[in-house]
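Below is my_file_29.cif, holding mmCIF, C-alpha atoms (C1' of nucleotides).
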```
data_model
#
loop_
_atom_site.group_PDB
_atom_site.id
_atom_site.type_symbol
_atom_site.label_atom_id
_atom_site.label_comp_id
_atom_site.auth_asym_id
_atom_site.auth_seq_id
_atom_site.Cartn_x
_atom_site.Cartn_y
_atom_site.Cartn_z
ATOM 1 C CA MET A 1 125.765 119.132 119.240
ATOM 2 C CA LYS A 2 128.491 121.001 117.509
ATOM 3 C CA ILE A 3 131.891 119.481 118.210
ATOM 4 C CA ASN A 4 135.077 121.477 118.732
ATOM 5 C CA LYS A 5 137.298 120.718 115.790
ATOM 6 C CA GLU A 6 140.244 119.932 118.067
ATOM 7 C CA LEU A 7 138.342 116.905 119.351
ATOM 8 C CA MET A 8 138.181 115.568 115.799
ATOM 9 C CA LYS A 9 141.936 115.543 115.405
ATOM 10 C CA GLY A 10 143.276 112.052 115.023
ATOM 11 C CA SER A 11 139.835 110.572 114.348
ATOM 12 C CA THR A 12 139.027 111.520 110.776
ATOM 13 C CA ALA A 13 141.113 108.780 109.173
ATOM 14 C CA THR A 14 139.379 106.230 111.397
ATOM 15 C CA LEU A 15 135.970 107.483 110.284
ATOM 16 C CA VAL A 16 136.885 107.457 106.602
ATOM 17 C CA LEU A 17 138.474 104.002 106.708
ATOM 18 C CA THR A 18 135.482 102.639 108.613
ATOM 19 C CA LEU A 19 133.083 103.750 105.883
ATOM 20 C CA LEU A 20 135.346 102.452 103.119
ATOM 21 C CA SER A 21 135.678 99.108 104.887
ATOM 22 C CA LYS A 22 131.998 98.514 104.175
ATOM 23 C CA GLU A 23 131.630 99.980 100.690
ATOM 24 C CA ASP A 24 133.598 101.845 98.023
ATOM 25 C CA MET A 25 132.710 105.531 98.192
ATOM 26 C CA TYR A 26 133.548 108.856 96.590
ATOM 27 C CA GLY A 27 134.538 111.925 98.557
ATOM 28 C CA TYR A 28 131.348 113.916 98.506
ATOM 29 C CA ARG A 29 129.342 110.865 99.524
ATOM 30 C CA ILE A 30 131.670 110.274 102.476
ATOM 31 C CA THR A 31 130.924 113.730 103.879
ATOM 32 C CA GLN A 32 127.185 113.035 103.579
ATOM 33 C CA GLU A 33 127.406 109.616 105.203
ATOM 34 C CA ILE A 34 129.445 110.904 108.127
ATOM 35 C CA LYS A 35 126.921 113.648 108.732
ATOM 36 C CA LYS A 36 123.991 111.257 108.477
ATOM 37 C CA ARG A 37 125.411 108.389 110.515
ATOM 38 C CA SER A 38 126.542 110.745 113.300
ATOM 39 C CA ASP A 39 123.079 112.318 113.418
ATOM 40 C CA ASN A 40 124.534 115.676 112.296
ATOM 41 C CA THR A 41 127.114 115.757 115.071
ATOM 42 C CA PHE A 42 129.992 115.567 112.608
ATOM 43 C CA ASP A 43 130.286 117.795 109.566
ATOM 44 C CA MET A 44 133.541 116.842 107.900
ATOM 45 C CA LYS A 45 134.676 119.606 105.604
ATOM 46 C CA GLU A 46 135.986 119.007 102.094
ATOM 47 C CA GLY A 47 139.113 120.903 103.055
ATOM 48 C CA THR A 48 139.668 118.117 105.572
ATOM 49 C CA LEU A 49 138.463 115.110 103.632
ATOM 50 C CA TYR A 50 140.216 115.426 100.277
ATOM 51 C CA PRO A 51 143.720 115.948 101.666
ATOM 52 C CA MET A 52 143.030 113.006 104.009
ATOM 53 C CA LEU A 53 142.017 110.742 101.117
ATOM 54 C CA HIS A 54 145.136 111.718 99.170
ATOM 55 C CA SER A 55 147.257 111.037 102.207
ATOM 56 C CA LEU A 56 145.669 107.621 102.751
ATOM 57 C CA GLU A 57 146.230 106.782 99.101
ATOM 58 C CA LYS A 58 149.849 107.872 99.320
ATOM 59 C CA ASP A 59 150.268 105.570 102.317
ATOM 60 C CA GLY A 60 148.700 102.674 100.452
ATOM 61 C CA ALA A 61 145.645 102.426 102.693
ATOM 62 C CA VAL A 62 143.207 103.146 99.870
ATOM 63 C CA GLU A 63 143.132 103.053 96.069
ATOM 64 C CA SER A 64 141.072 105.217 93.750
ATOM 65 C CA TYR A 65 139.330 104.885 90.398
ATOM 66 C CA TRP A 66 137.210 107.231 88.332
ATOM 67 C CA PHE A 67 133.636 106.427 87.455
ATOM 68 C CA ASP A 68 131.328 108.314 85.108
ATOM 69 C CA THR A 69 127.626 108.227 85.957
ATOM 70 C CA GLU A 70 124.854 108.172 83.365
ATOM 71 C CA GLU A 71 123.971 111.735 84.344
ATOM 72 C CA GLY A 72 127.398 112.827 83.194
ATOM 73 C CA ARG A 73 129.055 113.293 86.587
ATOM 74 C CA ARG A 74 132.602 112.243 87.326
ATOM 75 C CA ARG A 75 133.174 110.573 90.640
ATOM 76 C CA LYS A 76 136.448 109.421 92.150
ATOM 77 C CA TYR A 77 135.770 106.270 94.125
ATOM 78 C CA TYR A 78 138.022 105.050 96.911
ATOM 79 C CA LYS A 79 138.548 101.429 97.865
ATOM 80 C CA ILE A 80 140.238 100.229 101.039
ATOM 81 C CA THR A 81 143.277 97.955 100.693
ATOM 82 C CA ASP A 82 144.412 95.076 102.898
ATOM 83 C CA SER A 83 146.964 97.427 104.373
ATOM 84 C CA GLY A 84 144.182 99.920 105.026
ATOM 85 C CA ARG A 85 142.176 97.288 106.884
ATOM 86 C CA GLU A 86 145.146 96.611 109.114
ATOM 87 C CA MET A 87 145.513 100.314 109.762
ATOM 88 C CA LEU A 88 141.819 100.543 110.570
ATOM 89 C CA ASN A 89 142.078 97.659 112.989
ATOM 90 C CA LEU A 90 144.856 99.441 114.866
ATOM 91 C CA LYS A 91 143.007 102.731 114.871
ATOM 92 C CA GLN A 92 139.872 101.105 116.230
ATOM 93 C CA LYS A 93 141.854 99.545 119.057
ATOM 94 C CA GLU A 94 143.437 102.910 119.727
ATOM 95 C CA TRP A 95 140.036 104.587 119.838
ATOM 96 C CA SER A 96 138.796 101.951 122.250
ATOM 97 C CA SER A 97 141.770 102.488 124.578
ATOM 98 C CA PHE A 98 141.399 106.223 124.395
ATOM 99 C CA MET A 99 137.683 106.105 125.130
ATOM 100 C CA ASN A 100 138.110 103.766 128.080
ATOM 101 C CA ALA A 101 140.893 105.887 129.550
ATOM 102 C CA MET A 102 138.843 109.065 129.176
ATOM 103 C CA ASN A 103 135.831 107.476 130.815
ATOM 104 C CA SER A 104 137.951 106.102 133.639
ATOM 105 C CA ILE A 105 138.920 109.649 134.542
ATOM 106 C CA LEU A 106 135.623 111.352 133.744
ATOM 107 C CA GLY A 107 133.795 108.635 135.655
ATOM 108 C CA GLU A 108 131.003 108.544 133.125
ATOM 109 C CA GLU A 109 128.810 105.627 132.287
ATOM 110 C CA CYS A 110 128.775 104.723 128.659
ATOM 111 C CA TYR A 111 125.621 104.016 126.719
ATOM 112 C CA GLY A 112 126.533 101.901 123.689
ATOM 113 C CA MET B 1 148.246 101.167 124.755
ATOM 114 C CA LYS B 2 150.130 104.140 123.505
ATOM 115 C CA ILE B 3 147.790 106.822 122.197
ATOM 116 C CA ASN B 4 148.488 109.042 119.201
ATOM 117 C CA LYS B 5 148.913 112.542 120.556
ATOM 118 C CA GLU B 6 146.472 113.938 118.015
ATOM 119 C CA LEU B 7 143.689 112.049 119.753
ATOM 120 C CA MET B 8 144.444 113.974 122.945
ATOM 121 C CA LYS B 9 143.887 117.336 121.331
ATOM 122 C CA GLY B 10 140.850 119.029 122.726
ATOM 123 C CA SER B 11 140.636 116.682 125.709
ATOM 124 C CA THR B 12 143.398 117.804 128.032
ATOM 125 C CA ALA B 13 141.442 120.681 129.568
ATOM 126 C CA THR B 14 138.565 118.312 130.248
ATOM 127 C CA LEU B 15 140.870 115.897 132.050
ATOM 128 C CA VAL B 16 142.497 118.623 134.141
ATOM 129 C CA LEU B 17 139.209 120.256 135.111
ATOM 130 C CA THR B 18 137.723 116.885 136.010
ATOM 131 C CA LEU B 19 140.523 116.195 138.490
ATOM 132 C CA LEU B 20 140.319 119.686 139.937
ATOM 133 C CA SER B 21 136.552 119.384 140.329
ATOM 134 C CA LYS B 22 137.168 116.714 142.954
ATOM 135 C CA GLU B 23 140.202 118.101 144.767
ATOM 136 C CA ASP B 24 142.676 120.966 144.643
ATOM 137 C CA MET B 25 145.898 119.758 143.027
ATOM 138 C CA TYR B 26 149.329 120.973 141.964
ATOM 139 C CA GLY B 27 150.720 120.431 138.502
ATOM 140 C CA TYR B 28 153.099 117.560 139.060
ATOM 141 C CA ARG B 29 150.438 115.644 140.960
ATOM 142 C CA ILE B 30 147.986 116.119 138.093
ATOM 143 C CA THR B 31 150.357 114.405 135.671
ATOM 144 C CA GLN B 32 150.712 111.479 138.089
ATOM 145 C CA GLU B 33 146.985 111.157 138.668
ATOM 146 C CA ILE B 34 146.184 111.187 134.967
ATOM 147 C CA LYS B 35 148.719 108.451 134.349
ATOM 148 C CA LYS B 36 147.451 106.380 137.259
ATOM 149 C CA ARG B 37 143.723 106.778 136.665
ATOM 150 C CA SER B 38 144.080 106.011 132.951
ATOM 151 C CA ASP B 39 146.071 102.870 133.765
ATOM 152 C CA ASN B 40 149.153 104.337 132.031
ATOM 153 C CA THR B 41 147.309 105.051 128.788
ATOM 154 C CA PHE B 42 147.774 108.787 129.172
ATOM 155 C CA ASP B 43 151.094 110.420 129.927
ATOM 156 C CA MET B 44 150.468 114.144 129.943
ATOM 157 C CA LYS B 45 153.706 116.037 129.493
ATOM 158 C CA GLU B 46 154.658 119.032 131.592
ATOM 159 C CA GLY B 47 155.110 121.003 128.408
ATOM 160 C CA THR B 48 151.416 120.385 127.836
ATOM 161 C CA LEU B 49 150.088 120.712 131.368
ATOM 162 C CA TYR B 50 151.678 123.921 132.624
ATOM 163 C CA PRO B 51 150.680 126.083 129.659
ATOM 164 C CA MET B 52 147.183 124.567 129.930
ATOM 165 C CA LEU B 53 146.929 125.484 133.636
ATOM 166 C CA HIS B 54 148.083 129.026 132.910
ATOM 167 C CA SER B 55 145.567 129.294 130.126
ATOM 168 C CA LEU B 56 142.725 128.018 132.330
ATOM 169 C CA GLU B 57 143.725 130.531 135.009
ATOM 170 C CA LYS B 58 143.782 133.354 132.489
ATOM 171 C CA ASP B 59 140.268 132.333 131.423
ATOM 172 C CA GLY B 60 139.065 132.302 135.011
ATOM 173 C CA ALA B 61 138.376 128.572 135.123
ATOM 174 C CA VAL B 62 140.888 127.954 137.902
ATOM 175 C CA GLU B 63 142.691 129.914 140.609
ATOM 176 C CA SER B 64 146.093 129.175 142.082
ATOM 177 C CA TYR B 65 147.848 129.544 145.414
ATOM 178 C CA TRP B 66 151.302 128.616 146.670
ATOM 179 C CA PHE B 67 151.791 126.130 149.449
ATOM 180 C CA ASP B 68 155.018 125.238 151.230
ATOM 181 C CA THR B 69 155.325 121.682 152.473
ATOM 182 C CA GLU B 70 157.162 120.702 155.653
ATOM 183 C CA GLU B 71 159.885 119.095 153.552
ATOM 184 C CA GLY B 72 160.663 122.463 152.050
ATOM 185 C CA ARG B 73 158.996 122.043 148.650
ATOM 186 C CA ARG B 74 156.983 124.760 146.968
ATOM 187 C CA ARG B 75 153.814 123.644 145.293
ATOM 188 C CA LYS B 76 151.409 125.707 143.260
ATOM 189 C CA TYR B 77 147.915 124.417 143.893
ATOM 190 C CA TYR B 78 145.035 124.965 141.510
ATOM 191 C CA LYS B 79 141.395 125.275 142.501
ATOM 192 C CA ILE B 80 138.460 125.133 140.106
ATOM 193 C CA THR B 81 136.081 128.133 140.045
ATOM 194 C CA ASP B 82 132.333 128.223 139.479
ATOM 195 C CA SER B 83 133.048 129.341 135.961
ATOM 196 C CA GLY B 84 135.399 126.396 135.572
ATOM 197 C CA ARG B 85 132.672 124.010 136.687
ATOM 198 C CA GLU B 86 130.364 125.379 134.039
ATOM 199 C CA MET B 87 133.099 124.954 131.459
ATOM 200 C CA LEU B 88 133.661 121.394 132.612
ATOM 201 C CA ASN B 89 129.975 120.630 132.359
ATOM 202 C CA LEU B 90 129.941 121.785 128.740
ATOM 203 C CA LYS B 91 133.103 119.867 127.920
ATOM 204 C CA GLN B 92 131.727 116.685 129.426
ATOM 205 C CA LYS B 93 128.572 117.013 127.346
ATOM 206 C CA GLU B 94 130.712 117.620 124.286
ATOM 207 C CA TRP B 95 132.789 114.538 125.015
ATOM 208 C CA SER B 96 129.641 112.484 125.429
ATOM 209 C CA SER B 97 128.279 113.666 122.068
ATOM 210 C CA PHE B 98 131.591 113.054 120.386
ATOM 211 C CA MET B 99 131.907 109.553 121.809
ATOM 212 C CA ASN B 100 128.375 108.587 120.841
ATOM 213 C CA ALA B 101 128.818 109.899 117.308
ATOM 214 C CA MET B 102 132.100 108.046 116.899
ATOM 215 C CA ASN B 103 130.578 104.810 118.136
ATOM 216 C CA SER B 104 127.575 105.233 115.876
ATOM 217 C CA ILE B 105 129.880 105.189 112.891
ATOM 218 C CA LEU B 106 132.398 102.659 114.164
ATOM 219 C CA GLY B 107 129.559 100.428 115.270
ATOM 220 C CA GLU B 108 131.359 99.467 118.435
ATOM 221 C CA GLU B 109 129.847 98.369 121.662
ATOM 222 C CA CYS B 110 130.848 100.430 124.632
ATOM 223 C CA TYR B 111 132.035 98.992 127.892
ATOM 224 C CA GLY B 112 131.468 101.601 130.644
ATOM 225 C "C1'" DT C 1 117.169 133.422 80.183
ATOM 226 C "C1'" DC C 2 119.183 134.051 84.463
ATOM 227 C "C1'" DT C 3 120.100 132.510 89.026
ATOM 228 C "C1'" DA C 4 120.477 129.612 92.868
ATOM 229 C "C1'" DT C 5 121.341 125.192 94.792
ATOM 230 C "C1'" DA C 6 123.292 120.750 94.865
ATOM 231 C "C1'" DT C 7 126.819 117.989 93.339
ATOM 232 C "C1'" DG C 8 131.753 116.955 92.739
ATOM 233 C "C1'" DC C 9 136.735 117.710 92.700
ATOM 234 C "C1'" DC C 10 140.774 120.403 94.513
ATOM 235 C "C1'" DT C 11 144.507 123.525 97.215
ATOM 236 C "C1'" DC C 12 146.546 127.314 100.090
ATOM 237 C "C1'" DG C 13 147.139 129.733 104.274
ATOM 238 C "C1'" DT C 14 145.637 130.171 109.102
ATOM 239 C "C1'" DT C 15 145.046 128.518 113.623
ATOM 240 C "C1'" DA C 16 145.121 125.711 117.622
ATOM 241 C "C1'" DT C 17 147.239 122.422 120.449
ATOM 242 C "C1'" DC C 18 150.476 119.139 121.852
ATOM 243 C "C1'" DC C 19 155.170 117.724 122.282
ATOM 244 C "C1'" DT C 20 160.344 117.981 122.492
ATOM 245 C "C1'" DA C 21 163.877 120.126 124.393
ATOM 246 C "C1'" DT C 22 165.631 122.831 127.670
ATOM 247 C "C1'" DG C 23 166.229 125.477 131.931
ATOM 248 C "C1'" DT C 24 166.007 126.132 137.058
ATOM 249 C "C1'" DA C 25 165.954 124.240 141.797
ATOM 250 C "C1'" DT C 26 165.663 120.970 146.007
ATOM 251 C "C1'" DA C 27 165.462 116.343 148.495
ATOM 252 C "C1'" DG C 28 166.891 111.875 149.115
ATOM 253 C "C1'" DA C 29 169.169 107.665 147.756
ATOM 254 C "C1'" DA C 30 173.100 105.081 145.928
ATOM 255 C "C1'" DT D 1 179.148 112.812 144.094
ATOM 256 C "C1'" DT D 2 175.847 111.545 141.007
ATOM 257 C "C1'" DC D 3 171.456 110.023 139.835
ATOM 258 C "C1'" DT D 4 166.472 110.027 140.337
ATOM 259 C "C1'" DA D 5 162.251 112.022 141.712
ATOM 260 C "C1'" DT D 6 159.946 116.093 142.595
ATOM 261 C "C1'" DA D 7 158.370 120.726 141.074
ATOM 262 C "C1'" DC D 8 157.986 124.796 138.374
ATOM 263 C "C1'" DA D 9 158.410 127.078 133.662
ATOM 264 C "C1'" DT D 10 159.006 128.524 128.462
ATOM 265 C "C1'" DA D 11 160.456 128.506 123.400
ATOM 266 C "C1'" DG D 12 160.130 126.434 119.166
ATOM 267 C "C1'" DG D 13 158.579 122.818 115.979
ATOM 268 C "C1'" DA D 14 155.212 119.665 114.131
ATOM 269 C "C1'" DT D 15 150.731 118.570 112.524
ATOM 270 C "C1'" DA D 16 145.914 118.294 111.565
ATOM 271 C "C1'" DA D 17 141.492 120.458 110.734
ATOM 272 C "C1'" DC D 18 139.349 124.260 108.901
ATOM 273 C "C1'" DG D 19 138.007 128.618 106.222
ATOM 274 C "C1'" DA D 20 138.065 130.453 101.968
ATOM 275 C "C1'" DG D 21 138.515 130.139 97.569
ATOM 276 C "C1'" DG D 22 138.616 128.086 92.706
ATOM 277 C "C1'" DC D 23 136.679 125.163 88.866
ATOM 278 C "C1'" DA D 24 132.926 122.613 86.648
ATOM 279 C "C1'" DT D 25 128.186 120.424 85.619
ATOM 280 C "C1'" DA D 26 123.088 119.321 86.422
ATOM 281 C "C1'" DT D 27 118.677 120.748 87.816
ATOM 282 C "C1'" DA D 28 115.006 123.592 89.500
ATOM 283 C "C1'" DG D 29 112.765 127.893 89.828
ATOM 284 C "C1'" DA D 30 111.761 132.762 88.774
#
```
Rewrite the coordinates I just gave you, this time as C-alpha cells.
Amino acid sequence: MKINKELMKGSTATLVLTLLSKEDMYGYRITQEIKKRSDNTFDMKEGTLYPMLHSLEKDGAVESYWFDTEEGRRRKYYKITDSGREMLNLKQKEWSSFMNAMNSILGEECYG
Amino acid sequence: MKINKELMKGSTATLVLTLLSKEDMYGYRITQEIKKRSDNTFDMKEGTLYPMLHSLEKDGAVESYWFDTEEGRRRKYYKITDSGREMLNLKQKEWSSFMNAMNSILGEECYG
DNA sequence: TCTATATGCCTCGTTATCCTATGTATAGAA
DNA sequence: TTCTATACATAGGATAACGAGGCATATAGA
C-alpha cells in the first residue's frame, strides 16, 4: 500500500538508524533495503535520505567514509556511533509509545 | 511518554474520525478524550484540532450543529458522515500498513 | 555507435501539517 | 476579584518529506 508521506514524518531517522545499527551502508543501498524490508510499502526518496544522513552526521549520530569498489564506483558508507545508538534507543521507545497510543484509540488488534 | 510532534503528522484526522465514528462530539471534548484514551501520550492542541475539524467539514467527512447546554454553554457538535466513514476506513488500513512496515524494519514485537 | 537503465551522489524550492501564541467569552471556585 | 476550566477560533512560524533537477559512471541492448 502506498503511504501518505505525512505519516512518514518523524520516522525516517528511526528507519535509517535501525539499518545502520546492523551494518554499515551507503545511501543508495539504504533506499533499496527500506523498500525491500517493508515489502514495497516504503519508498524513501533520495531527496529525503541524503539530507537526513547529513543531518545525522552533523548531530554526531553517524560517521561517513568513502569506499571505491573494484568496478570503479564511489560509495559513501555511513556508520552509526555510540551516540547514534542512544538516539535510536530513544526513537524506538518513542515509536512504541506512539503505536500503543494509536492502537488504544483505534481499538485495533496488532499482528506482530 | 512525550511524543515528537512530527510523529503525529498524518494521524490526527484518523484519531478524530475514529472518535466521531462512535459518538457525536464537540471539539473540547475530543481533546480530552484523546488525552484520556491514549493515557496522556497524546495532547492534541486546539490550534491543531479546530482547523482539522473545519477541514474535515469542508471535505464532507463531518457535519456540525450547535447545541446549548442547560448551564448556558454553547457547544459545536460534530457528526461523521458516510463519506467520513469511508475515509476513516481507508486511513485505518493505511495506518495498519504503515505500522506493519515499520515493525518489519524495526524488528519489534507488537503488543496489541 | 547511440541510447536507456541502473547505480551513486547531491541540493533547491514547494507543500503540508502541527504548534505557539493570541483572542474572545462564560461558569464556578478560591 | 482573580484564577481555572470550559469552549470556540485564527494567524504566523517551524519543520520535514518530496518533486524536480543536476552530475557522473557502468552495463546492456538496439
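Note that the spacing between atom CA of Asn4 of chain A and atom CA of Asp39 of chain A amounts to 16.0 Å.
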Inset, instruction - Evaluate the PyMOL selection byres ((chain B and resi 46-60) around 12) here and jot the selected residues down as an MDAnalysis selection string. - result: (chainID B and resid 5 8:17 20 25:32 34 43:45 61:65 76:88) or (chainID C and resid 17:22) or (chainID D and resid 7:12)
Inset, instruction - Just need the residues of chain A within 9 Å of chain B, counting all atoms listed in the file, so spit them out as JSON, numbers by chain. - result: {"A": [1, 2, 3, 4, 5, 6, 7, 8, 9, 10, 11, 14, 15, 18, 19, 34, 37, 38, 39, 40, 41, 42, 92, 93, 94, 95, 96, 97, 98, 99, 100, 101, 102, 103, 104, 105, 106, 107, 108, 109, 110, 111, 112]}
Legend entry - Selected residue, from C:DA16, C:DA30, C:DA6, C:DT1, that lies nearest to chain A when counting all atoms listed in the file: C:DA16
Inset, instruction - For chain D, report every residue with an atom at most 8 Å from chain A (counting all atoms listed in the file), formatted as a ChimeraX atom specification. - result: /D:16-18,25-26
Inset, instruction - Would you work out the distance separating atom CA of Arg75 of chain A from atom C1' of DG21 of chain D, expressed in Å to one decimal? - result: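 Going from atom CA of Arg75 of chain A over to atom C1' of DG21 of chain D covers 21.4 Å.
As for atom CA of Phe67 of chain B and atom C1' of DT2 of chain D, they are spaced 29.4 Å apart.
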Would you compute an axis-aligned box for segment 17-21 of chain D, covering every atom listed for it in the file with 5 Å of margin on each side, and report centre and edge lengths in Å to one decimal as AutoDock Vina command-line options?
```
--center_x 139.7 --center_y 125.5 --center_z 104.2 --size_x 13.5 --size_y 20.0 --size_z 23.2
```
Legend entry - Selection dump of the PyMOL selection byres ((chain C) within 10 of (chain A)), as a list in words: DT7, DG8, DC9, DC10, DT11, DA16 and DT17 of chain C
